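Chemist: Below you'll find target-v2.cif; it's mmCIF, C-alpha atoms.
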data_entry
loop_
_atom_site.label_atom_id
_atom_site.label_comp_id
_atom_site.auth_asym_id
_atom_site.auth_seq_id
_atom_site.Cartn_x
_atom_site.Cartn_y
_atom_site.Cartn_z
CA MET D 1 0.00 0.00 0.00
CA ASP D 2 1.47 3.34 -0.95
CA LYS D 3 1.94 6.26 1.40
CA LEU D 4 -1.10 8.13 0.11
CA GLU D 5 -3.44 5.16 0.62
CA GLN D 6 -2.00 4.73 4.09
CA LEU D 7 -2.66 8.37 4.95
CA LYS D 8 -6.16 8.09 3.52
CA ASN D 9 -6.89 5.34 6.02
CA VAL D 10 -5.59 7.48 8.85
CA TRP D 11 -7.71 10.37 7.58
CA GLN D 12 -10.86 8.29 7.55
CA LYS D 13 -10.24 7.02 11.05
CA GLN D 14 -9.68 10.50 12.45
CA GLU D 15 -11.92 11.38 15.31
CA ASP D 16 -13.43 14.76 15.96
CA CYS D 17 -11.41 17.72 14.80
CA LYS D 18 -9.07 19.36 17.25
CA ILE D 19 -11.08 22.56 17.13
CA THR D 20 -14.79 22.47 17.87
CA PHE D 21 -17.23 25.30 18.32
CA SER D 22 -20.13 25.28 20.74
CA LYS D 23 -23.69 26.14 19.77
CA ASP D 24 -23.30 29.57 21.36
CA GLU D 25 -20.21 30.29 19.31
CA ILE D 26 -22.04 29.22 16.14
CA TYR D 27 -24.96 31.56 17.01
CA ILE D 28 -22.53 34.46 17.29
CA MET D 29 -20.82 33.54 14.02
CA MET D 30 -23.99 33.35 11.94
CA ARG D 31 -24.89 36.88 12.98
CA GLN D 32 -21.57 38.29 11.78
CA LYS D 33 -21.34 40.22 8.54
CA SER D 34 -20.12 38.34 5.52
CA SER D 35 -16.87 39.52 4.00
CA SER D 36 -17.25 37.47 0.85
CA VAL D 37 -15.97 38.55 -2.55
CA VAL D 38 -19.56 38.83 -3.77
CA LYS D 39 -20.47 41.36 -1.12
CA TRP D 40 -17.49 43.54 -2.02
CA ILE D 41 -18.28 43.22 -5.69
CA LEU D 42 -21.81 44.45 -4.97
CA ILE D 43 -20.57 47.49 -3.02
CA ILE D 44 -17.94 48.41 -5.61
CA SER D 45 -20.37 47.87 -8.48
CA ILE D 46 -22.98 50.19 -6.95
CA LEU D 47 -20.25 52.83 -6.57
CA GLU D 48 -19.24 52.28 -10.17
CA PHE D 49 -22.82 52.71 -11.31
CA LEU D 50 -23.18 55.91 -9.32
CA LEU D 51 -19.82 57.59 -9.93
CA PRO D 52 -20.10 58.46 -13.63
CA ASN D 53 -23.49 60.03 -12.94
CA LEU D 54 -22.36 62.01 -9.89
CA PHE D 55 -20.46 64.28 -12.27
CA LEU D 56 -23.77 65.26 -13.79
CA LEU D 57 -25.14 66.26 -10.39
CA PHE D 58 -22.29 68.64 -9.71
CA THR D 59 -22.33 70.40 -13.04
CA ASP D 60 -23.83 73.86 -13.14
CA HIS D 61 -26.90 73.24 -15.28
CA GLY D 62 -27.51 76.92 -16.08
CA SER D 63 -24.07 77.60 -17.44
CA SER D 64 -23.85 74.27 -19.26
CA ALA D 65 -27.19 75.04 -20.97
CA ASP D 66 -25.79 78.39 -22.10
CA PHE D 67 -22.67 76.64 -23.30
CA TYR D 68 -24.70 74.08 -25.31
CA ASN D 69 -26.83 76.83 -26.85
CA LYS D 70 -23.79 78.89 -27.75
CA TYR D 71 -22.35 76.04 -29.78
CA SER D 72 -25.76 74.76 -30.93
CA ILE D 73 -25.41 71.25 -29.43
CA ALA D 74 -28.39 71.44 -27.05
CA THR D 75 -30.54 69.01 -29.09
CA ALA D 76 -27.67 66.58 -29.48
CA MET D 77 -27.01 66.67 -25.72
CA LYS D 78 -30.66 65.94 -24.96
CA PHE D 79 -30.49 62.98 -27.31
CA TYR D 80 -27.30 61.68 -25.65
CA PHE D 81 -28.85 62.05 -22.23
CA LEU D 82 -31.95 60.08 -23.21
CA VAL D 83 -29.90 57.24 -24.75
CA HIS D 84 -27.62 57.22 -21.72
CA PHE D 85 -30.57 56.98 -19.33
CA ILE D 86 -32.17 54.03 -21.15
CA ILE D 87 -28.86 52.18 -21.34
CA ILE D 88 -28.16 52.67 -17.62
CA ILE D 89 -31.55 51.16 -16.76
CA ILE D 90 -30.79 48.12 -18.91
CA PHE D 91 -27.36 47.72 -17.29
CA ILE D 92 -28.72 47.97 -13.74
CA TYR D 93 -31.47 45.46 -14.48
CA THR D 94 -28.97 42.97 -15.97
CA PHE D 95 -26.60 43.47 -13.04
CA TYR D 96 -29.36 42.89 -10.50
CA LYS D 97 -30.52 39.73 -12.29
CA ASN D 98 -26.96 38.35 -12.43
CA TYR D 99 -26.35 39.20 -8.79
CA LYS D 100 -29.51 37.41 -7.68
CA ASN D 101 -28.35 34.31 -9.57
CA ILE D 102 -25.23 33.95 -7.46
CA SER D 103 -25.69 31.10 -5.03
CA ALA D 104 -23.24 29.23 -2.86
CA VAL D 105 -25.35 26.12 -3.48
CA SER D 106 -24.43 25.94 -7.19
CA ASN D 107 -21.54 23.74 -8.18
CA VAL D 108 -18.08 25.31 -7.98
CA LYS D 109 -17.81 26.11 -11.69
CA GLU D 110 -21.30 27.58 -11.98
CA LEU D 111 -20.71 29.81 -8.99
CA MET D 112 -17.50 31.15 -10.48
CA GLN D 113 -19.21 31.70 -13.84
CA ASP D 114 -22.04 33.61 -12.16
CA ILE D 115 -19.64 35.87 -10.26
CA ILE D 116 -17.58 36.55 -13.37
CA LYS D 117 -20.76 37.29 -15.36
CA THR D 118 -21.93 39.80 -12.74
CA ARG D 119 -18.55 41.48 -12.82
CA LYS D 120 -18.58 41.55 -16.62
CA THR D 121 -21.81 43.57 -16.65
CA VAL D 122 -20.09 46.28 -14.64
CA LYS D 123 -17.00 46.02 -16.81
CA TYR D 124 -19.09 46.65 -19.93
CA TYR D 125 -20.84 49.48 -18.14
CA ILE D 126 -17.48 51.16 -17.50
CA TYR D 127 -16.43 50.61 -21.12
CA TYR D 128 -19.74 52.02 -22.25
CA ASN D 129 -19.24 55.13 -20.09
CA ILE D 130 -15.75 55.68 -21.45
CA ALA D 131 -17.01 55.29 -25.02
CA MET D 132 -19.93 57.64 -24.38
CA ALA D 133 -17.61 60.22 -22.78
CA ALA D 134 -15.34 59.93 -25.81
CA ILE D 135 -18.20 60.44 -28.29
CA ILE D 136 -19.69 63.41 -26.45
CA GLY D 137 -16.24 64.87 -25.76
CA LEU D 138 -15.21 64.69 -29.41
CA HIS D 139 -18.54 66.12 -30.49
CA ILE D 140 -18.07 69.12 -28.18
CA PHE D 141 -14.42 69.57 -29.19
CA TYR D 142 -15.42 69.55 -32.82
CA LYS D 143 -18.16 72.13 -32.35
CA VAL D 144 -16.03 74.42 -30.18
CA PHE D 145 -12.91 74.24 -32.33
CA ASN D 146 -14.91 75.10 -35.42
CA SER D 147 -16.80 77.98 -33.90
CA GLU D 148 -15.85 81.49 -34.87
CA SER D 149 -15.84 82.76 -31.30
CA PHE D 150 -13.13 80.21 -30.42
CA LEU D 151 -11.04 80.75 -33.54
CA GLU D 152 -11.03 84.49 -32.90
CA THR D 153 -9.43 84.05 -29.49
CA LEU D 154 -6.46 82.15 -30.95
CA PRO D 155 -3.23 83.89 -32.00
CA SER D 156 -3.25 84.15 -35.76
CA ASN D 157 -0.33 81.78 -36.31
CA THR D 158 -1.77 78.83 -34.29
CA ASN D 159 -1.90 75.54 -36.10
CA GLN D 160 -5.31 73.87 -35.85
CA ILE D 161 -3.73 70.41 -35.84
CA THR D 162 -1.64 71.24 -32.76
CA ILE D 163 -4.78 72.07 -30.81
CA TRP D 164 -6.40 68.81 -31.83
CA VAL D 165 -3.35 66.75 -30.95
CA VAL D 166 -3.00 68.37 -27.51
CA ALA D 167 -6.72 67.97 -26.80
CA LEU D 168 -6.65 64.31 -27.83
CA LEU D 169 -3.54 63.59 -25.78
CA ILE D 170 -5.12 65.04 -22.65
CA PHE D 171 -8.26 63.08 -23.37
CA VAL D 172 -6.42 59.77 -23.85
CA PHE D 173 -4.37 60.40 -20.71
CA VAL D 174 -7.50 60.90 -18.58
CA LEU D 175 -9.06 57.73 -20.03
CA PHE D 176 -5.87 55.81 -19.34
CA ILE D 177 -5.89 56.89 -15.66
CA PHE D 178 -9.52 55.77 -15.31
CA TRP D 179 -8.80 52.47 -16.98
CA GLY D 180 -5.75 51.91 -14.74
CA ILE D 181 -7.68 52.53 -11.53
CA TYR D 182 -10.40 50.26 -12.77
CA ARG D 183 -7.99 47.43 -13.57
CA ILE D 184 -6.44 47.65 -10.11
CA ILE D 185 -9.81 47.32 -8.36
CA TYR D 186 -10.93 44.59 -10.72
CA GLY D 187 -7.71 42.62 -10.40
CA PHE D 188 -7.67 42.93 -6.62
CA PHE D 189 -11.02 41.21 -6.21
CA LEU D 190 -10.98 38.65 -8.95
CA LYS D 191 -7.40 37.47 -9.16
CA LYS D 192 -7.94 34.33 -7.11
CA LEU D 193 -11.30 33.59 -8.71
CA ASN D 194 -9.99 33.91 -12.25
CA LYS D 195 -7.00 31.73 -11.42
CA ASN D 196 -9.21 28.99 -10.02
CA TYR D 197 -11.66 29.25 -12.88
CA ASN D 198 -8.88 28.85 -15.44
CA GLU D 199 -7.54 25.87 -13.51
CA LEU D 200 -10.96 24.21 -13.63
CA GLU D 201 -11.36 24.98 -17.35
CA ARG D 202 -7.89 23.94 -18.45
CA THR D 203 -8.18 20.17 -18.86
CA GLU D 204 -11.64 20.44 -20.41
CA TYR D 205 -9.98 21.16 -23.76
CA CYS D 206 -6.98 18.88 -23.43
CA MET Z 1 -40.66 30.57 12.71
CA THR Z 2 -37.21 32.00 12.27
CA LYS Z 3 -36.25 30.99 15.81
CA ASP Z 4 -37.11 27.34 15.16
CA LEU Z 5 -35.21 27.41 11.90
CA GLU Z 6 -32.23 28.94 13.69
CA HIS Z 7 -32.22 26.26 16.39
CA LYS Z 8 -32.54 23.49 13.83
CA PHE Z 9 -29.71 24.96 11.74
CA VAL Z 10 -27.34 25.41 14.68
CA ALA Z 11 -28.03 21.90 15.93
CA GLU Z 12 -27.34 20.37 12.52
CA LEU Z 13 -24.26 22.50 12.00
CA GLU Z 14 -22.85 21.69 15.40
CA GLY Z 15 -23.25 17.98 14.75
CA ASN Z 16 -21.64 18.16 11.32
CA GLN Z 17 -19.02 20.81 11.99
CA ASN Z 18 -16.23 18.35 11.32
CA ILE Z 19 -16.82 18.75 7.60
CA ILE Z 20 -16.25 22.51 7.79
CA HIS Z 21 -13.16 22.06 9.94
CA LYS Z 22 -11.68 19.69 7.37
CA VAL Z 23 -12.28 22.25 4.62
CA CYS Z 24 -10.84 25.03 6.81
CA ARG Z 25 -7.75 23.06 7.65
CA THR Z 26 -7.25 22.25 3.97
CA TYR Z 27 -7.45 25.87 2.87
CA THR Z 28 -5.80 27.71 5.75
CA ASN Z 29 -2.66 27.18 7.78
CA ASN Z 30 -3.15 29.09 10.99
CA ASP Z 31 -5.96 29.12 13.48
CA ALA Z 32 -6.96 32.77 12.97
CA ALA Z 33 -7.57 32.12 9.27
CA HIS Z 34 -9.21 28.79 10.16
CA LYS Z 35 -11.72 30.53 12.40
CA ASP Z 36 -12.23 33.30 9.88
CA LEU Z 37 -13.06 30.85 7.10
CA PHE Z 38 -15.27 28.80 9.44
CA GLN Z 39 -17.24 31.94 10.20
CA GLU Z 40 -17.67 32.87 6.53
CA ILE Z 41 -18.82 29.32 5.74
CA THR Z 42 -21.31 29.47 8.62
CA ILE Z 43 -22.72 32.77 7.29
CA GLN Z 44 -23.01 31.35 3.76
CA LEU Z 45 -24.66 28.16 5.05
CA TRP Z 46 -27.17 30.13 7.09
CA LYS Z 47 -27.92 32.37 4.10
CA ALA Z 48 -28.59 29.32 1.92
CA TYR Z 49 -30.37 27.27 4.60
CA PRO Z 50 -33.95 28.41 3.91
CA LYS Z 51 -33.56 26.93 0.41
CA PHE Z 52 -32.23 23.61 1.69
CA ARG Z 53 -35.02 21.16 0.89
CA GLY Z 54 -33.36 18.01 2.00
CA ASP Z 55 -33.04 16.65 -1.56
CA SER Z 56 -29.48 15.76 -0.68
CA LYS Z 57 -27.97 14.87 2.66
CA PHE Z 58 -27.21 17.83 4.92
CA SER Z 59 -23.55 16.81 4.92
CA THR Z 60 -23.33 16.74 1.09
CA TRP Z 61 -24.98 20.15 0.91
CA MET Z 62 -22.56 21.45 3.54
CA TYR Z 63 -19.58 20.18 1.58
CA ARG Z 64 -20.70 22.06 -1.49
CA VAL Z 65 -21.27 25.39 0.27
CA SER Z 66 -18.04 25.02 2.26
CA LEU Z 67 -15.92 24.30 -0.82
CA ASN Z 68 -17.57 27.12 -2.75
CA THR Z 69 -16.83 29.53 0.06
CA ALA Z 70 -13.20 28.43 0.34
CA ILE Z 71 -12.54 28.44 -3.41
CA SER Z 72 -14.60 31.34 -4.70
CA LEU Z 73 -16.01 33.57 -1.98
CA TYR Z 74 -13.43 33.76 0.78
CA ARG Z 75 -10.82 36.46 0.67
CA LYS Z 76 -7.84 35.98 2.90
CA THR Z 77 -7.80 38.91 5.26
CA LYS Z 78 -4.28 38.44 6.49
CA ARG Z 79 -1.26 37.58 4.43
CA GLN Z 80 -0.37 33.97 5.02
CA ILE Z 81 3.17 32.73 5.06
CA SER Z 82 3.04 29.65 2.92
CA THR Z 83 6.61 28.54 3.54
CA SER Z 84 6.31 28.07 7.29
CA PRO Z 85 2.79 27.17 8.34
CA ILE Z 86 1.99 27.86 11.95
CA TYR Z 87 0.71 24.65 13.40
CA ASP Z 88 1.78 25.43 16.93
CA ASN Z 89 -1.34 27.42 17.69
CA LEU Z 90 -3.59 24.62 16.52
CA LYS Z 91 -1.85 22.21 18.85
CA GLU Z 92 -2.89 24.23 21.88
CA LEU Z 93 -6.46 23.29 21.15
CA GLU Z 94 -5.76 19.58 20.95
CA TYR Z 95 -7.73 17.08 22.93
CA GLU Z 96 -5.87 15.49 25.79
CA GLY Z 97 -4.39 12.16 24.92
CA TYR Z 98 -4.60 12.77 21.20
CA ASN Z 99 -2.84 10.04 19.31
CA ASP Z 100 0.62 11.44 18.64
CA GLU Z 101 1.59 9.19 15.77
CA ARG Z 102 -1.70 9.75 13.98
CA ASP Z 103 -1.34 13.46 14.60
CA LYS Z 104 2.06 13.49 12.98
CA GLN Z 105 0.77 11.70 9.93
CA MET Z 106 -2.15 14.08 9.59
CA ASP Z 107 0.27 17.01 9.79
CA LEU Z 108 2.32 15.43 7.03
CA LEU Z 109 -0.79 14.99 4.88
CA TYR Z 110 -2.01 18.56 5.44
CA LYS Z 111 1.45 19.93 4.71
CA ALA Z 112 1.40 18.10 1.37
CA ILE Z 113 -2.13 19.32 0.63
CA HIS Z 114 -1.15 22.92 1.37
CA SER Z 115 1.28 22.92 -1.53
CA LEU Z 116 -1.55 22.19 -4.00
CA ASN Z 117 -3.62 24.86 -5.73
CA ASP Z 118 -7.22 25.57 -4.67
CA ILE Z 119 -8.88 23.18 -7.12
CA GLU Z 120 -6.43 20.39 -6.36
CA LYS Z 121 -7.09 20.90 -2.66
CA ALA Z 122 -10.78 20.28 -3.29
CA LEU Z 123 -9.95 17.13 -5.27
CA ALA Z 124 -7.63 15.88 -2.53
CA LEU Z 125 -10.36 16.43 0.04
CA LEU Z 126 -12.96 14.62 -2.06
CA TYR Z 127 -10.52 11.75 -2.63
CA LEU Z 128 -9.80 11.38 1.08
CA GLU Z 129 -13.53 11.39 1.78
CA ASP Z 130 -13.91 8.57 -0.76
CA LYS Z 131 -16.45 10.40 -2.92
CA ASN Z 132 -17.19 8.79 -6.27
CA TYR Z 133 -16.49 10.51 -9.60
CA LYS Z 134 -20.13 11.28 -10.20
CA GLU Z 135 -20.33 13.23 -6.97
CA ILE Z 136 -16.98 14.92 -7.61
CA SER Z 137 -18.07 16.00 -11.09
CA ASN Z 138 -21.39 17.27 -9.65
CA THR Z 139 -19.69 19.20 -6.88
CA LEU Z 140 -17.10 20.87 -9.08
CA GLY Z 141 -19.27 21.25 -12.18
CA ILE Z 142 -16.86 19.48 -14.55
CA SER Z 143 -17.32 16.31 -16.61
CA GLU Z 144 -16.57 12.92 -15.06
CA VAL Z 145 -13.75 12.40 -17.55
CA ASN Z 146 -12.20 15.71 -16.60
CA ALA Z 147 -12.67 14.86 -12.92
CA ARG Z 148 -10.78 11.60 -13.44
CA VAL Z 149 -7.93 13.31 -15.29
CA LYS Z 150 -7.63 16.01 -12.64
CA MET Z 151 -7.88 13.50 -9.80
CA ASN Z 152 -5.07 11.38 -11.23
CA ARG Z 153 -2.84 14.42 -11.62
CA THR Z 154 -3.59 15.57 -8.09
CA LYS Z 155 -2.85 12.12 -6.67
CA THR Z 156 0.43 11.91 -8.57
CA LYS Z 157 1.38 15.35 -7.31
CA LEU Z 158 0.54 14.37 -3.72
CA LYS Z 159 2.50 11.12 -4.00
CA ASN Z 160 5.52 12.99 -5.33
CA ILE Z 161 5.39 15.38 -2.41
CA LEU Z 162 5.03 12.53 0.10
CA ASN Z 163 7.80 10.38 -1.46
CA PRO Z 164 10.33 12.82 -2.88
#
Starting from the coordinates I provided, produce the structure as C-alpha cells.

Modeler:
Amino acid sequence: MDKLEQLKNVWQKQEDCKITFSKDEIYIMMRQKSSSVVKWILIISILEFLLPNLFLLFTDHGSSADFYNKYSIATAMKFYFLVHFIIIIIFIYTFYKNYKNISAVSNVKELMQDIIKTRKTVKYYIYYNIAMAAIIGLHIFYKVFNSESFLETLPSNTNQITIWVVALLIFVFVLFIFWGIYRIIYGFFLKKLNKNYNELERTEYC
Amino acid sequence: MTKDLEHKFVAELEGNQNIIHKVCRTYTNNDAAHKDLFQEITIQLWKAYPKFRGDSKFSTWMYRVSLNTAISLYRKTKRQISTSPIYDNLKELEYEGYNDERDKQMDLLYKAIHSLNDIEKALALLYLEDKNYKEISNTLGISEVNARVKMNRTKTKLKNILNP
C-alpha cells in the first residue's frame, strides 16, 4: 500500500477535529457580517454605477445650458442624455438579475461563472461610459474648435492640428488613468477567482 | 418561525461541523484564518439554509457550500506565510491524549495538501472522503472524464510530495 493510501486510512479514522465550536459560538458567528468577494463586488459595483453620474449632479446646469446653446449642441445633448438613461436602466437590471443568480449552493464552476458574469456587466458598463464620454467629448471639441468665437481668441499663427493633438492627448491620458484605476480594483477582487476558474477549465480542452 | 429554523440549523451544523473544519484546515494554515473561514462558511450556510429542501444529505450540501466559500467567496484577510505554516497554535487546542503518531501523519498529509492549488485541494479532500467521480463532477461542475484526469494528476502530485 502506498503512502497516500495509508494516509487516507488514517484520515478516515480520524476522530473529531481538534477545534470544535459550541452552539453559542455558532450563534454568534452566523450573525456576523459576511466579507465574501460577492459582497465587495456588490458594493464596488454600486459605486461604479453611481460615480459616472455624480459628475452630472455637480455640473452647473444653467451655465452648461448656455454653453450648449452657444455652440448649438443642445438638441444633441438631450439625445445623448436620453440614450444614456435608457442604457443605464438596462445595465442595472442585468446586473441585478446576475447578482440574484449567485448562489453558494451551485456547483463550484457555476458559482465562479455567475460571479464573473456579474462582474462583466459592470466592466461593460465602464467601457460604455468611457465610449460615451469619448463620443460626447469629441462632439463638443469639434463644435467648439470650429466655432468662430473660439477661432477668434487664438493667436493668428496657431496651427489647428496642434490644438487637436494636444486635446486628444489630454483626453487619452484621462481615459488611461480611469482604466488603470479600474484594472487595479478589478484585479484585486478577482485574481484568485480567475486563477481557479482557469484551472478548472484547463483540462476540459486537453 | 425564524427561531425554530435557527435552532434546527445550529443543531445540525454543530453535529456536522467536522466537515467545515476539514475544509478550513485544507485551505488555511493558521488558526486565525481557520476561524475566519469557518465563520464565513457558517454565514453562507445560514444564508442558503432556507432553500435547503433536504433533496441531498445535509452533509453533502454542507460540503458544497463550504468548498464554494473556500474556493470562490473567501478572501484571505491576512497575508499567510506559505513557507512556514503555523501549526503550533492549533496544537494548543488539541484534545488530551490525542494520538501522537496519527497526529504526525495528519500534519504530514495537510502539509502536502497545502502545496496544491485551490482546485487540487478540493480534489484531494474529495478523494480522502472517498467520494465517487459522479459526486466529484457534480460538486465541481466538470465532466466525469475531466474529474478523473484532474484526480489522477492531483494524486500523482501528492504522492511525489510525500515520497520525494

Chemist: Mind dumping a table of every chain D residue within 6 Å of chain Z, with the nearest atom pair and its distance in Å to one decimal, using only C-alpha atoms, sorted by chain and rising number, as JSON lines?

Modeler:
{"residue": "D:Lys8", "atom": "CA", "partner": "Z:Leu128", "partner_atom": "CA", "distance": 5.5}
{"residue": "D:Cys17", "atom": "CA", "partner": "Z:Asn18", "partner_atom": "CA", "distance": 6.0}
{"residue": "D:Lys18", "atom": "CA", "partner": "Z:Glu94", "partner_atom": "CA", "distance": 5.0}
{"residue": "D:Met29", "atom": "CA", "partner": "Z:Gln39", "partner_atom": "CA", "distance": 5.5}
{"residue": "D:Met30", "atom": "CA", "partner": "Z:Ile43", "partner_atom": "CA", "distance": 4.9}
{"residue": "D:Ser36", "atom": "CA", "partner": "Z:Leu73", "partner_atom": "CA", "distance": 5.0}
{"residue": "D:Val37", "atom": "CA", "partner": "Z:Leu73", "partner_atom": "CA", "distance": 5.0}
{"residue": "D:Ala104", "atom": "CA", "partner": "Z:Val65", "partner_atom": "CA", "distance": 5.3}
{"residue": "D:Val105", "atom": "CA", "partner": "Z:Val65", "partner_atom": "CA", "distance": 5.6}
{"residue": "D:Asn107", "atom": "CA", "partner": "Z:Thr139", "partner_atom": "CA", "distance": 5.1}
{"residue": "D:Val108", "atom": "CA", "partner": "Z:Leu140", "partner_atom": "CA", "distance": 4.7}
{"residue": "D:Lys109", "atom": "CA", "partner": "Z:Gly141", "partner_atom": "CA", "distance": 5.1}
{"residue": "D:Leu193", "atom": "CA", "partner": "Z:Ser72", "partner_atom": "CA", "distance": 5.7}

Chemist: Can you give me, as a list in words, the residues this file yields under the PyMOL selection byres ((chain D and resi 53) around 12)?

Modeler: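 Here the PyMOL selection byres ((chain D and resi 53) around 12) matches Ile46, Leu47, Glu48, Phe49, Leu50, Leu51, Pro52, Leu54, Phe55, Leu56, Leu57, Phe58, Thr59, Phe81, His84, Phe85, Ile88, Ile126, Asn129 and Ala133 of chain D.
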
Chemist: Report the distance between CA of Asn132 in chain Z and CA of Lys13 in chain D in Å, rounded to one decimal place.

Modeler: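 Those two atoms sit 18.7 Å apart.
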
Chemist: What does the distance between CA of Lys39 in chain D and CA of Ser103 in chain D come to in Å, to one decimal place?

Modeler: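 CA of Lys39 in chain D sits 12.2 Å away from CA of Ser103 in chain D.
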
Chemist: Which polymer residues have any atom within 8 Å of an atom of Thr121 in chain D, counting only C-alpha atoms, with same-chain residues fewer than 2 positions away left out, as a VMD selection string?

Modeler: chain D and resid 91 94 to 95 117 to 119 123 to 125

Chemist: For C-alpha atoms, I'd like the residues from the last selection saved as a CSV table (one decimal), in the coordinates of the input.

Modeler:
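Output file result-v1.csv follows:
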chain,number,residue,atom,x,y,z
D,91,PHE,CA,-27.4,47.7,-17.3
D,94,THR,CA,-29.0,43.0,-16.0
D,95,PHE,CA,-26.6,43.5,-13.0
D,117,LYS,CA,-20.8,37.3,-15.4
D,118,THR,CA,-21.9,39.8,-12.7
D,119,ARG,CA,-18.6,41.5,-12.8
D,123,LYS,CA,-17.0,46.0,-16.8
D,124,TYR,CA,-19.1,46.6,-19.9
D,125,TYR,CA,-20.8,49.5,-18.1

Chemist: Applying the PyMOL selection byres ((chain D and resi 144-150) around 12) to the file I just gave you, which residues come out? Please list them as an MDAnalysis selection string.

Modeler: chainID D and resid 67:73 137:143 151:156 159:164 167

Chemist: Counting only C-alpha atoms, figure out which residue out of Z:Arg148, Z:Lys134, Z:Lys8, Z:Lys104 gets nearest to Phe58 in chain Z.

Modeler: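 With only C-alpha atoms as the atom set, the closest residue is Z:Lys8.
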
Chemist: Of the candidates Z:Met151, Z:Leu116, Z:Ile161, Z:Ala33, which one gets nearest to Leu4 in chain D if we count all atoms listed in the file?

Modeler: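 Checking each of Z:Met151, Z:Leu116, Z:Ile161, Z:Ala33 against Leu4 in chain D, counting all atoms listed in the file, the winner is Z:Ile161.
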
Chemist: Between CA of Asp55 in chain Z and CA of Ser106 in chain D, what is the distance, to one decimal in Å?

Modeler: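 Separating CA of Asp55 in chain Z from CA of Ser106 in chain D is a distance of 13.9 Å.
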
Chemist: Applied to the shown file, which residues does the PyMOL selection byres ((chain D and resi 170-180) around 9) return, written as an MDAnalysis selection string?

Modeler: chainID D and resid 126:127 130 134 137 165:169 181:185

Chemist: Smallest atom-to-atom distance to Lys121 in chain Z: which of Z:Gly54, Z:Asp107, Z:Pro164, Z:Arg153, using all atoms listed in the file?

Modeler: Z:Arg153

Chemist: Rank D:Lys78, D:Arg31, D:Val38, D:Met112 by their smallest atom-to-atom distance to Ile136 in chain D, using all atoms listed in the file, and report the top residue only.

Modeler: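 Looking at the shortest contact to Ile136 in chain D, the residue is D:Lys78.
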
Chemist: Can you fill out range 13-26 of chain Z with N, CA and C atoms and hand it back as a short mmCIF file (atom, residue, chain, number, x, y, z; two decimals), keeping the file's coordinate frame?

Modeler:
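Output file result_38.cif is given in full below:
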data_model
loop_
_atom_site.label_atom_id
_atom_site.label_comp_id
_atom_site.auth_asym_id
_atom_site.auth_seq_id
_atom_site.Cartn_x
_atom_site.Cartn_y
_atom_site.Cartn_z
N LEU Z 13 -25.62 22.05 12.28
CA LEU Z 13 -24.26 22.50 12.00
C LEU Z 13 -23.29 22.03 13.07
N GLU Z 14 -23.73 22.11 14.32
CA GLU Z 14 -22.85 21.69 15.40
C GLU Z 14 -22.48 20.21 15.25
N GLY Z 15 -23.49 19.42 14.91
CA GLY Z 15 -23.25 17.98 14.75
C GLY Z 15 -22.37 17.63 13.58
N ASN Z 16 -22.40 18.46 12.54
CA ASN Z 16 -21.64 18.16 11.32
C ASN Z 16 -20.43 19.06 11.13
N GLN Z 17 -20.04 19.77 12.18
CA GLN Z 17 -19.02 20.81 11.99
C GLN Z 17 -17.66 20.27 11.56
N ASN Z 18 -17.47 18.97 11.75
CA ASN Z 18 -16.23 18.35 11.32
C ASN Z 18 -15.91 18.59 9.85
N ILE Z 19 -16.99 18.54 9.05
CA ILE Z 19 -16.82 18.75 7.60
C ILE Z 19 -16.21 20.12 7.35
N ILE Z 20 -16.76 21.14 8.01
CA ILE Z 20 -16.25 22.51 7.79
C ILE Z 20 -14.81 22.62 8.28
N HIS Z 21 -14.53 21.98 9.43
CA HIS Z 21 -13.16 22.06 9.94
C HIS Z 21 -12.16 21.43 8.97
N LYS Z 22 -12.58 20.33 8.33
CA LYS Z 22 -11.68 19.69 7.37
C LYS Z 22 -11.40 20.64 6.21
N VAL Z 23 -12.46 21.30 5.72
CA VAL Z 23 -12.28 22.25 4.62
C VAL Z 23 -11.38 23.41 5.08
N CYS Z 24 -11.63 23.91 6.29
CA CYS Z 24 -10.84 25.03 6.81
C CYS Z 24 -9.37 24.66 6.94
N ARG Z 25 -9.15 23.45 7.44
CA ARG Z 25 -7.75 23.06 7.65
C ARG Z 25 -7.04 22.83 6.32
N THR Z 26 -7.82 22.44 5.30
CA THR Z 26 -7.25 22.25 3.97
C THR Z 26 -6.85 23.58 3.34
#
